[in-house]
>>> print(open('input-v6.cif').read())   # mmCIF, N, CA, C and O atoms
data_structure
loop_
_atom_site.label_atom_id
_atom_site.label_comp_id
_atom_site.auth_asym_id
_atom_site.auth_seq_id
_atom_site.Cartn_x
_atom_site.Cartn_y
_atom_site.Cartn_z
N MET A 22 20.00 -51.98 28.50
CA MET A 22 18.96 -51.03 28.90
C MET A 22 19.49 -49.61 28.68
O MET A 22 20.58 -49.28 29.12
N THR A 23 18.71 -48.78 28.01
CA THR A 23 19.13 -47.41 27.70
C THR A 23 18.90 -46.49 28.89
O THR A 23 18.14 -46.81 29.81
N GLN A 24 19.54 -45.31 28.86
CA GLN A 24 19.33 -44.33 29.91
C GLN A 24 17.87 -43.90 29.97
O GLN A 24 17.33 -43.67 31.05
N THR A 25 17.22 -43.80 28.82
CA THR A 25 15.81 -43.42 28.78
C THR A 25 14.95 -44.46 29.49
O THR A 25 14.04 -44.11 30.24
N GLU A 26 15.24 -45.73 29.26
CA GLU A 26 14.49 -46.81 29.93
C GLU A 26 14.75 -46.80 31.43
O GLU A 26 13.81 -46.97 32.22
N ILE A 27 16.01 -46.59 31.81
CA ILE A 27 16.33 -46.52 33.23
C ILE A 27 15.64 -45.33 33.87
O ILE A 27 15.06 -45.44 34.96
N LEU A 28 15.65 -44.18 33.20
CA LEU A 28 15.00 -42.97 33.73
C LEU A 28 13.51 -43.21 33.93
O LEU A 28 12.95 -42.83 34.96
N ALA A 29 12.86 -43.84 32.97
CA ALA A 29 11.42 -44.10 33.08
C ALA A 29 11.14 -45.01 34.28
O ALA A 29 10.21 -44.75 35.07
N LYS A 30 11.94 -46.05 34.43
CA LYS A 30 11.75 -46.99 35.55
C LYS A 30 12.06 -46.31 36.88
O LYS A 30 11.33 -46.47 37.86
N LEU A 31 13.13 -45.52 36.92
CA LEU A 31 13.51 -44.79 38.13
C LEU A 31 12.43 -43.80 38.54
O LEU A 31 12.11 -43.67 39.73
N THR A 32 11.86 -43.11 37.57
CA THR A 32 10.80 -42.14 37.86
C THR A 32 9.62 -42.82 38.55
O THR A 32 9.06 -42.30 39.52
N GLU A 33 9.25 -43.99 38.08
CA GLU A 33 8.14 -44.73 38.70
C GLU A 33 8.50 -45.20 40.11
O GLU A 33 7.65 -45.26 40.99
N ILE A 34 9.77 -45.53 40.32
CA ILE A 34 10.21 -45.95 41.66
C ILE A 34 10.13 -44.80 42.65
O ILE A 34 9.66 -44.98 43.77
N ILE A 35 10.57 -43.61 42.24
CA ILE A 35 10.62 -42.49 43.18
C ILE A 35 9.28 -41.77 43.35
O ILE A 35 9.08 -41.08 44.34
N ARG A 36 8.36 -41.96 42.42
CA ARG A 36 7.07 -41.25 42.47
C ARG A 36 6.36 -41.38 43.84
O ARG A 36 5.93 -40.36 44.39
N PRO A 37 6.23 -42.57 44.42
CA PRO A 37 5.51 -42.66 45.70
C PRO A 37 6.21 -41.96 46.87
O PRO A 37 5.59 -41.68 47.89
N TYR A 38 7.49 -41.68 46.72
CA TYR A 38 8.26 -41.08 47.81
C TYR A 38 8.28 -39.56 47.78
O TYR A 38 8.73 -38.92 48.72
N SER A 39 7.82 -38.96 46.69
CA SER A 39 7.86 -37.50 46.55
C SER A 39 6.47 -36.91 46.68
O SER A 39 5.52 -37.40 46.08
N GLN A 40 6.38 -35.84 47.44
CA GLN A 40 5.12 -35.11 47.58
C GLN A 40 5.04 -33.96 46.57
O GLN A 40 4.06 -33.23 46.53
N GLU A 41 6.08 -33.81 45.77
CA GLU A 41 6.17 -32.72 44.80
C GLU A 41 5.67 -33.18 43.43
O GLU A 41 6.46 -33.50 42.54
N SER A 42 4.37 -33.21 43.25
CA SER A 42 3.81 -33.75 42.00
C SER A 42 4.23 -32.93 40.78
O SER A 42 4.46 -33.49 39.71
N THR A 43 4.34 -31.63 40.93
CA THR A 43 4.77 -30.80 39.80
C THR A 43 6.20 -31.15 39.41
O THR A 43 6.50 -31.30 38.22
N ALA A 44 7.07 -31.29 40.38
CA ALA A 44 8.46 -31.64 40.10
C ALA A 44 8.55 -33.03 39.48
O ALA A 44 9.39 -33.29 38.61
N MET A 45 7.69 -33.94 39.89
CA MET A 45 7.70 -35.30 39.35
C MET A 45 7.35 -35.31 37.87
O MET A 45 7.79 -36.18 37.14
N GLU A 46 6.58 -34.34 37.43
CA GLU A 46 6.21 -34.27 36.01
C GLU A 46 7.38 -33.80 35.14
O GLU A 46 7.33 -33.92 33.92
N HIS A 47 8.42 -33.26 35.77
CA HIS A 47 9.55 -32.70 35.02
C HIS A 47 10.87 -33.31 35.46
O HIS A 47 11.90 -32.62 35.46
N VAL A 48 10.86 -34.59 35.82
CA VAL A 48 12.09 -35.25 36.23
C VAL A 48 13.05 -35.32 35.04
O VAL A 48 12.66 -35.69 33.94
N SER A 49 14.29 -34.89 35.30
CA SER A 49 15.33 -34.91 34.26
C SER A 49 16.62 -35.39 34.90
O SER A 49 16.68 -35.67 36.10
N MET A 50 17.66 -35.45 34.10
CA MET A 50 18.96 -35.88 34.63
C MET A 50 19.45 -34.97 35.74
O MET A 50 20.18 -35.39 36.61
N GLU A 51 19.05 -33.71 35.73
CA GLU A 51 19.50 -32.74 36.73
C GLU A 51 18.67 -32.75 38.02
O GLU A 51 19.02 -32.07 38.98
N THR A 52 17.58 -33.48 38.05
CA THR A 52 16.70 -33.47 39.21
C THR A 52 17.42 -33.99 40.45
O THR A 52 18.02 -35.06 40.43
N ASP A 53 17.34 -33.21 41.53
CA ASP A 53 17.95 -33.57 42.81
C ASP A 53 16.85 -34.14 43.70
O ASP A 53 15.78 -33.55 43.84
N PHE A 54 17.12 -35.29 44.29
CA PHE A 54 16.10 -35.95 45.11
C PHE A 54 15.69 -35.12 46.32
O PHE A 54 14.51 -35.05 46.65
N ILE A 55 16.66 -34.51 46.99
CA ILE A 55 16.36 -33.78 48.22
C ILE A 55 15.82 -32.38 47.91
O ILE A 55 14.76 -32.00 48.41
N LYS A 56 16.53 -31.63 47.09
CA LYS A 56 16.13 -30.25 46.81
C LYS A 56 14.87 -30.14 45.96
O LYS A 56 13.98 -29.36 46.26
N ASP A 57 14.81 -30.93 44.88
CA ASP A 57 13.70 -30.79 43.94
C ASP A 57 12.48 -31.63 44.31
O ASP A 57 11.34 -31.19 44.17
N LEU A 58 12.73 -32.86 44.76
CA LEU A 58 11.61 -33.78 45.02
C LEU A 58 11.25 -33.89 46.50
O LEU A 58 10.30 -34.57 46.85
N LYS A 59 12.05 -33.22 47.35
CA LYS A 59 11.79 -33.19 48.81
C LYS A 59 11.76 -34.60 49.40
O LYS A 59 10.95 -34.90 50.28
N ILE A 60 12.65 -35.47 48.92
CA ILE A 60 12.80 -36.80 49.49
C ILE A 60 13.92 -36.72 50.52
O ILE A 60 15.05 -36.37 50.18
N ASP A 61 13.62 -37.03 51.78
CA ASP A 61 14.65 -36.90 52.81
C ASP A 61 15.64 -38.05 52.74
O ASP A 61 15.41 -39.07 52.09
N SER A 62 16.77 -37.87 53.39
CA SER A 62 17.85 -38.84 53.29
C SER A 62 17.46 -40.22 53.82
O SER A 62 17.92 -41.24 53.29
N ALA A 63 16.62 -40.27 54.84
CA ALA A 63 16.16 -41.57 55.35
C ALA A 63 15.32 -42.30 54.31
O ALA A 63 15.43 -43.52 54.13
N THR A 64 14.49 -41.57 53.60
CA THR A 64 13.64 -42.15 52.57
C THR A 64 14.46 -42.58 51.35
O THR A 64 14.09 -43.52 50.65
N LEU A 65 15.60 -41.92 51.14
CA LEU A 65 16.46 -42.32 50.03
C LEU A 65 16.93 -43.77 50.17
O LEU A 65 17.14 -44.45 49.18
N VAL A 66 17.06 -44.23 51.41
CA VAL A 66 17.44 -45.63 51.63
C VAL A 66 16.35 -46.54 51.05
O VAL A 66 16.66 -47.55 50.41
N ASP A 67 15.09 -46.19 51.25
CA ASP A 67 13.99 -46.97 50.68
C ASP A 67 14.04 -46.94 49.15
O ASP A 67 13.79 -47.95 48.50
N VAL A 68 14.38 -45.78 48.58
CA VAL A 68 14.50 -45.66 47.14
C VAL A 68 15.60 -46.61 46.64
O VAL A 68 15.40 -47.34 45.67
N VAL A 69 16.73 -46.62 47.33
CA VAL A 69 17.84 -47.50 46.94
C VAL A 69 17.41 -48.96 46.98
O VAL A 69 17.70 -49.73 46.06
N LEU A 70 16.72 -49.36 48.03
CA LEU A 70 16.24 -50.74 48.14
C LEU A 70 15.30 -51.09 47.00
O LEU A 70 15.39 -52.18 46.41
N ASP A 71 14.41 -50.16 46.65
CA ASP A 71 13.49 -50.39 45.53
C ASP A 71 14.24 -50.47 44.19
O ASP A 71 13.88 -51.26 43.33
N VAL A 72 15.27 -49.64 44.04
CA VAL A 72 16.08 -49.67 42.83
C VAL A 72 16.78 -51.02 42.71
O VAL A 72 16.80 -51.64 41.64
N GLU A 73 17.33 -51.51 43.82
CA GLU A 73 17.99 -52.81 43.81
C GLU A 73 17.02 -53.91 43.37
O GLU A 73 17.36 -54.74 42.52
N ASP A 74 15.82 -53.89 43.93
CA ASP A 74 14.82 -54.90 43.57
C ASP A 74 14.39 -54.78 42.11
O ASP A 74 14.31 -55.77 41.38
N ALA A 75 14.11 -53.56 41.67
CA ALA A 75 13.59 -53.34 40.31
C ALA A 75 14.60 -53.71 39.23
O ALA A 75 14.22 -54.20 38.17
N PHE A 76 15.87 -53.46 39.49
CA PHE A 76 16.90 -53.70 38.48
C PHE A 76 17.68 -54.99 38.73
O PHE A 76 18.55 -55.34 37.92
N GLY A 77 17.40 -55.67 39.85
CA GLY A 77 18.10 -56.92 40.15
C GLY A 77 19.58 -56.71 40.38
O GLY A 77 20.41 -57.50 39.94
N ILE A 78 19.91 -55.63 41.10
CA ILE A 78 21.32 -55.28 41.35
C ILE A 78 21.56 -55.10 42.84
O ILE A 78 20.61 -55.04 43.63
N THR A 79 22.83 -55.00 43.21
CA THR A 79 23.21 -54.68 44.58
C THR A 79 24.01 -53.39 44.54
O THR A 79 24.91 -53.23 43.70
N ILE A 80 23.70 -52.48 45.45
CA ILE A 80 24.37 -51.18 45.50
C ILE A 80 25.08 -51.09 46.84
O ILE A 80 24.44 -51.19 47.89
N ASP A 81 26.41 -50.90 46.79
CA ASP A 81 27.16 -50.80 48.04
C ASP A 81 27.04 -49.39 48.62
O ASP A 81 26.53 -48.47 47.97
N ASN A 82 27.52 -49.24 49.84
CA ASN A 82 27.36 -47.97 50.55
C ASN A 82 28.04 -46.80 49.84
O ASN A 82 27.49 -45.70 49.81
N SER A 83 29.22 -47.02 49.27
CA SER A 83 29.90 -45.90 48.61
C SER A 83 29.13 -45.45 47.38
O SER A 83 29.04 -44.25 47.09
N ALA A 84 28.55 -46.38 46.64
CA ALA A 84 27.73 -46.02 45.48
C ALA A 84 26.44 -45.34 45.93
O ALA A 84 25.98 -44.38 45.31
N MET A 85 25.87 -45.84 47.01
CA MET A 85 24.62 -45.27 47.51
C MET A 85 24.80 -43.80 47.88
O MET A 85 23.91 -42.99 47.64
N GLU A 86 25.95 -43.45 48.42
CA GLU A 86 26.21 -42.06 48.81
C GLU A 86 26.22 -41.12 47.61
O GLU A 86 25.97 -39.92 47.75
N LYS A 87 26.47 -41.65 46.42
CA LYS A 87 26.50 -40.83 45.19
C LYS A 87 25.10 -40.58 44.64
O LYS A 87 24.92 -39.72 43.79
N MET A 88 24.12 -41.32 45.12
CA MET A 88 22.78 -41.28 44.53
C MET A 88 21.95 -40.12 45.08
O MET A 88 20.94 -40.31 45.73
N THR A 89 22.39 -38.90 44.78
CA THR A 89 21.69 -37.72 45.27
C THR A 89 20.82 -37.07 44.21
O THR A 89 19.96 -36.27 44.52
N ASN A 90 21.10 -37.40 42.94
CA ASN A 90 20.30 -36.86 41.85
C ASN A 90 20.09 -37.94 40.80
O ASN A 90 20.66 -39.03 40.89
N VAL A 91 19.29 -37.63 39.82
CA VAL A 91 18.93 -38.63 38.80
C VAL A 91 20.15 -39.07 38.00
O VAL A 91 20.36 -40.26 37.78
N ALA A 92 20.98 -38.14 37.55
CA ALA A 92 22.14 -38.49 36.72
C ALA A 92 23.08 -39.44 37.45
O ALA A 92 23.52 -40.46 36.90
N ASN A 93 23.40 -39.12 38.70
CA ASN A 93 24.30 -39.98 39.47
C ASN A 93 23.67 -41.34 39.73
O ASN A 93 24.36 -42.36 39.70
N THR A 94 22.38 -41.36 39.98
CA THR A 94 21.69 -42.62 40.24
C THR A 94 21.70 -43.51 38.99
O THR A 94 21.95 -44.72 39.09
N ILE A 95 21.45 -42.92 37.85
CA ILE A 95 21.50 -43.69 36.60
C ILE A 95 22.91 -44.24 36.37
O ILE A 95 23.07 -45.39 35.97
N ALA A 96 23.93 -43.45 36.66
CA ALA A 96 25.31 -43.92 36.51
C ALA A 96 25.58 -45.10 37.42
O ALA A 96 26.22 -46.08 37.01
N VAL A 97 25.10 -45.04 38.66
CA VAL A 97 25.28 -46.14 39.62
C VAL A 97 24.55 -47.38 39.12
O VAL A 97 25.09 -48.51 39.16
N ILE A 98 23.33 -47.21 38.62
CA ILE A 98 22.55 -48.34 38.10
C ILE A 98 23.26 -48.96 36.90
O ILE A 98 23.40 -50.18 36.83
N GLU A 99 23.71 -48.13 35.97
CA GLU A 99 24.40 -48.64 34.78
C GLU A 99 25.66 -49.43 35.18
O GLU A 99 25.93 -50.49 34.61
N ASP A 100 26.40 -48.90 36.14
CA ASP A 100 27.62 -49.57 36.59
C ASP A 100 27.27 -50.93 37.22
O ASP A 100 27.93 -51.93 36.92
N ALA A 101 26.26 -50.95 38.06
CA ALA A 101 25.87 -52.20 38.73
C ALA A 101 25.36 -53.23 37.71
O ALA A 101 25.65 -54.42 37.84
N ILE A 102 24.61 -52.77 36.71
CA ILE A 102 24.11 -53.68 35.68
C ILE A 102 25.29 -54.26 34.89
O ILE A 102 25.30 -55.46 34.57
N SER A 103 26.27 -53.43 34.58
CA SER A 103 27.41 -53.91 33.79
C SER A 103 28.26 -54.93 34.56
O SER A 103 28.95 -55.74 33.94
N ARG A 104 28.20 -54.89 35.88
CA ARG A 104 28.95 -55.84 36.70
C ARG A 104 28.20 -57.12 36.99
O ARG A 104 28.75 -58.04 37.58
N LYS A 105 26.95 -57.22 36.55
CA LYS A 105 26.15 -58.43 36.82
C LYS A 105 26.65 -59.60 36.03
O LYS A 105 27.11 -59.53 34.96
#
>>> encode(input="input-v6.cif", output="structure tokens")
Amino acid sequence: MTQTEILAKLTEIIRPYSQESTAMEHVSMETDFIKDLKIDSATLVDVVLDVEDAFGITIDNSAMEKMTNVANTIAVIEDAISRK
């Protein structure tokens, strides 16, 4: 799975959790979940659970703590997929 495919899937996962529709139209590797998309830390747990389901992976707590922006999240997803 390419980064572009992961980004597209990730964008659809986070869309329901963000009230920032303008920011959602411009999601990039630099997008920060809290600052740019206004997703609070409690809701990020829901995002992680959805990511696990969508990609068929398990994300441990240390990896979850890194998932603050799109680039880091894609790196965590790629790592988890490679370990499957």
>>> resolve_selection(input="input-v6.cif", expression="the PyMOL selection byres (((chain A and resi 41-47 and name CA) around 12) and name CA)", output="VMD selection string")
chain A and resid 28 to 29 31 to 40 48 to 60 91
>>> select_by_dssp(input="input-v6.cif", residues="chain A", states="alpha helix (DSSP H)", output="PyMOL selection string")
chain A and resi 24-35+42-45+62-76+82-87+91-103
>>> axis_aligned_box(input="input-v6.cif", around="region 94-99 of chain A", padding_each_side="5 Å", output="lines of an AutoDock Vina configuration file")
center_x = 23.8
center_y = -45.9
center_z = 37.4
size_x = 14.8
size_y = 19.1
size_z = 15.6
>>> resolve_selection(input="input-v6.cif", expression="the PyMOL selection byres ((chain A and resi 78-83) around 8)", output="MDAnalysis selection string")
chainID A and resid 69:77 84:88 97:98 100:102 105
>>> atom_distance(input="input-v6.cif", atom1="CA of Ala63 (chain A)", atom2="CA of Thr89 (chain A)")
12.1 Å
>>> atom_distance(input="input-v6.cif", atom1="CA of Ala92 (chain A)", atom2="CA of Ile27 (chain A)")
10.5 Å
>>> decode(input="input-v6.cif", residues="region 80-94 of chain A", atoms="all heavy atoms", output="PDB file, in the first residue's frame")
ATOM      1  N   ILE A  80      -1.989  -1.161  17.113  1.00  0.00           N
ATOM      2  CA  ILE A  80      -1.095  -0.045  17.419  1.00  0.00           C
ATOM      3  C   ILE A  80      -0.907  -0.008  18.929  1.00  0.00           C
ATOM      4  O   ILE A  80      -1.883   0.120  19.673  1.00  0.00           O
ATOM      5  CB  ILE A  80      -1.686   1.285  16.912  1.00  0.00           C
ATOM      6  CG1 ILE A  80      -1.846   1.233  15.392  1.00  0.00           C
ATOM      7  CG2 ILE A  80      -0.819   2.461  17.341  1.00  0.00           C
ATOM      8  CD1 ILE A  80      -2.627   2.372  14.795  1.00  0.00           C
ATOM      9  N   ASP A  81       0.351  -0.128  19.371  1.00  0.00           N
ATOM     10  CA  ASP A  81       0.610  -0.099  20.810  1.00  0.00           C
ATOM     11  C   ASP A  81       0.632   1.341  21.318  1.00  0.00           C
ATOM     12  O   ASP A  81       0.620   2.296  20.541  1.00  0.00           O
ATOM     13  CB  ASP A  81       1.889  -0.850  21.166  1.00  0.00           C
ATOM     14  CG  ASP A  81       3.138  -0.239  20.545  1.00  0.00           C
ATOM     15  OD1 ASP A  81       3.186   0.985  20.352  1.00  0.00           O
ATOM     16  OD2 ASP A  81       4.076  -1.009  20.260  1.00  0.00           O
ATOM     17  N   ASN A  82       0.659   1.478  22.633  1.00  0.00           N
ATOM     18  CA  ASN A  82       0.568   2.809  23.242  1.00  0.00           C
ATOM     19  C   ASN A  82       1.706   3.733  22.842  1.00  0.00           C
ATOM     20  O   ASN A  82       1.485   4.928  22.627  1.00  0.00           O
ATOM     21  CB  ASN A  82       0.504   2.695  24.767  1.00  0.00           C
ATOM     22  CG  ASN A  82      -0.829   2.175  25.245  1.00  0.00           C
ATOM     23  OD1 ASN A  82      -1.810   2.207  24.513  1.00  0.00           O
ATOM     24  ND2 ASN A  82      -0.865   1.667  26.463  1.00  0.00           N
ATOM     25  N   SER A  83       2.925   3.215  22.745  1.00  0.00           N
ATOM     26  CA  SER A  83       4.041   4.094  22.389  1.00  0.00           C
ATOM     27  C   SER A  83       3.895   4.610  20.961  1.00  0.00           C
ATOM     28  O   SER A  83       4.204   5.772  20.674  1.00  0.00           O
ATOM     29  CB  SER A  83       5.386   3.387  22.575  1.00  0.00           C
ATOM     30  OG  SER A  83       5.499   2.286  21.707  1.00  0.00           O
ATOM     31  N   ALA A  84       3.414   3.771  20.054  1.00  0.00           N
ATOM     32  CA  ALA A  84       3.177   4.220  18.680  1.00  0.00           C
ATOM     33  C   ALA A  84       2.012   5.200  18.629  1.00  0.00           C
ATOM     34  O   ALA A  84       2.048   6.185  17.892  1.00  0.00           O
ATOM     35  CB  ALA A  84       2.911   3.027  17.775  1.00  0.00           C
ATOM     36  N   MET A  85       0.987   4.928  19.427  1.00  0.00           N
ATOM     37  CA  MET A  85      -0.190   5.801  19.437  1.00  0.00           C
ATOM     38  C   MET A  85       0.194   7.215  19.858  1.00  0.00           C
ATOM     39  O   MET A  85      -0.333   8.186  19.316  1.00  0.00           O
ATOM     40  CB  MET A  85      -1.251   5.229  20.384  1.00  0.00           C
ATOM     41  CG  MET A  85      -2.542   6.021  20.390  1.00  0.00           C
ATOM     42  SD  MET A  85      -3.887   5.224  21.275  1.00  0.00           S
ATOM     43  CE  MET A  85      -3.266   5.143  22.924  1.00  0.00           C
ATOM     44  N   GLU A  86       1.126   7.347  20.788  1.00  0.00           N
ATOM     45  CA  GLU A  86       1.551   8.669  21.254  1.00  0.00           C
ATOM     46  C   GLU A  86       2.207   9.487  20.151  1.00  0.00           C
ATOM     47  O   GLU A  86       2.220  10.715  20.202  1.00  0.00           O
ATOM     48  CB  GLU A  86       2.501   8.522  22.438  1.00  0.00           C
ATOM     49  CG  GLU A  86       1.814   8.021  23.689  1.00  0.00           C
ATOM     50  CD  GLU A  86       2.779   7.704  24.819  1.00  0.00           C
ATOM     51  OE1 GLU A  86       3.999   7.920  24.653  1.00  0.00           O
ATOM     52  OE2 GLU A  86       2.305   7.233  25.856  1.00  0.00           O
ATOM     53  N   LYS A  87       2.740   8.821  19.129  1.00  0.00           N
ATOM     54  CA  LYS A  87       3.393   9.511  18.007  1.00  0.00           C
ATOM     55  C   LYS A  87       2.391  10.020  16.980  1.00  0.00           C
ATOM     56  O   LYS A  87       2.733  10.833  16.129  1.00  0.00           O
ATOM     57  CB  LYS A  87       4.369   8.562  17.308  1.00  0.00           C
ATOM     58  CG  LYS A  87       5.490   8.083  18.187  1.00  0.00           C
ATOM     59  CD  LYS A  87       6.314   7.051  17.460  1.00  0.00           C
ATOM     60  CE  LYS A  87       7.336   6.424  18.385  1.00  0.00           C
ATOM     61  NZ  LYS A  87       8.029   5.297  17.746  1.00  0.00           N
ATOM     62  N   MET A  88       1.163   9.561  17.059  1.00  0.00           N
ATOM     63  CA  MET A  88       0.166   9.852  16.021  1.00  0.00           C
ATOM     64  C   MET A  88      -0.504  11.208  16.240  1.00  0.00           C
ATOM     65  O   MET A  88      -1.695  11.304  16.474  1.00  0.00           O
ATOM     66  CB  MET A  88      -0.869   8.724  15.975  1.00  0.00           C
ATOM     67  CG  MET A  88      -0.270   7.389  15.557  1.00  0.00           C
ATOM     68  SD  MET A  88      -1.408   6.008  15.672  1.00  0.00           S
ATOM     69  CE  MET A  88      -2.638   6.430  14.433  1.00  0.00           C
ATOM     70  N   THR A  89       0.288  12.271  16.131  1.00  0.00           N
ATOM     71  CA  THR A  89      -0.239  13.618  16.340  1.00  0.00           C
ATOM     72  C   THR A  89      -0.488  14.357  15.039  1.00  0.00           C
ATOM     73  O   THR A  89      -1.191  15.353  15.021  1.00  0.00           O
ATOM     74  CB  THR A  89       0.730  14.446  17.198  1.00  0.00           C
ATOM     75  OG1 THR A  89       2.002  14.475  16.543  1.00  0.00           O
ATOM     76  CG2 THR A  89       0.861  13.851  18.599  1.00  0.00           C
ATOM     77  N   ASN A  90       0.142  13.868  13.962  1.00  0.00           N
ATOM     78  CA  ASN A  90      -0.067  14.492  12.661  1.00  0.00           C
ATOM     79  C   ASN A  90      -0.135  13.407  11.591  1.00  0.00           C
ATOM     80  O   ASN A  90       0.085  12.225  11.877  1.00  0.00           O
ATOM     81  CB  ASN A  90       1.011  15.534  12.364  1.00  0.00           C
ATOM     82  CG  ASN A  90       2.394  14.942  12.256  1.00  0.00           C
ATOM     83  OD1 ASN A  90       2.593  13.848  11.742  1.00  0.00           O
ATOM     84  ND2 ASN A  90       3.381  15.672  12.752  1.00  0.00           N
ATOM     85  N   VAL A  91      -0.432  13.802  10.391  1.00  0.00           N
ATOM     86  CA  VAL A  91      -0.629  12.838   9.306  1.00  0.00           C
ATOM     87  C   VAL A  91       0.655  12.069   9.000  1.00  0.00           C
ATOM     88  O   VAL A  91       0.637  10.849   8.862  1.00  0.00           O
ATOM     89  CB  VAL A  91      -1.187  13.543   8.053  1.00  0.00           C
ATOM     90  CG1 VAL A  91      -1.182  12.612   6.856  1.00  0.00           C
ATOM     91  CG2 VAL A  91      -2.599  14.061   8.321  1.00  0.00           C
ATOM     92  N   ALA A  92       1.788  12.753   8.896  1.00  0.00           N
ATOM     93  CA  ALA A  92       3.045  12.084   8.546  1.00  0.00           C
ATOM     94  C   ALA A  92       3.410  11.013   9.565  1.00  0.00           C
ATOM     95  O   ALA A  92       3.758   9.878   9.199  1.00  0.00           O
ATOM     96  CB  ALA A  92       4.173  13.101   8.417  1.00  0.00           C
ATOM     97  N   ASN A  93       3.332  11.353  10.841  1.00  0.00           N
ATOM     98  CA  ASN A  93       3.659  10.378  11.883  1.00  0.00           C
ATOM     99  C   ASN A  93       2.675   9.219  11.880  1.00  0.00           C
ATOM    100  O   ASN A  93       3.061   8.067  12.098  1.00  0.00           O
ATOM    101  CB  ASN A  93       3.653  11.036  13.261  1.00  0.00           C
ATOM    102  CG  ASN A  93       4.791  12.013  13.457  1.00  0.00           C
ATOM    103  OD1 ASN A  93       5.713  12.085  12.651  1.00  0.00           O
ATOM    104  ND2 ASN A  93       4.718  12.786  14.514  1.00  0.00           N
ATOM    105  N   THR A  94       1.410   9.501  11.639  1.00  0.00           N
ATOM    106  CA  THR A  94       0.402   8.458  11.615  1.00  0.00           C
ATOM    107  C   THR A  94       0.644   7.492  10.456  1.00  0.00           C
ATOM    108  O   THR A  94       0.547   6.271  10.626  1.00  0.00           O
ATOM    109  CB  THR A  94      -1.012   9.072  11.534  1.00  0.00           C
ATOM    110  OG1 THR A  94      -1.195   9.914  12.686  1.00  0.00           O
ATOM    111  CG2 THR A  94      -2.086   8.008  11.512  1.00  0.00           C
TER     112      THR A  94
END
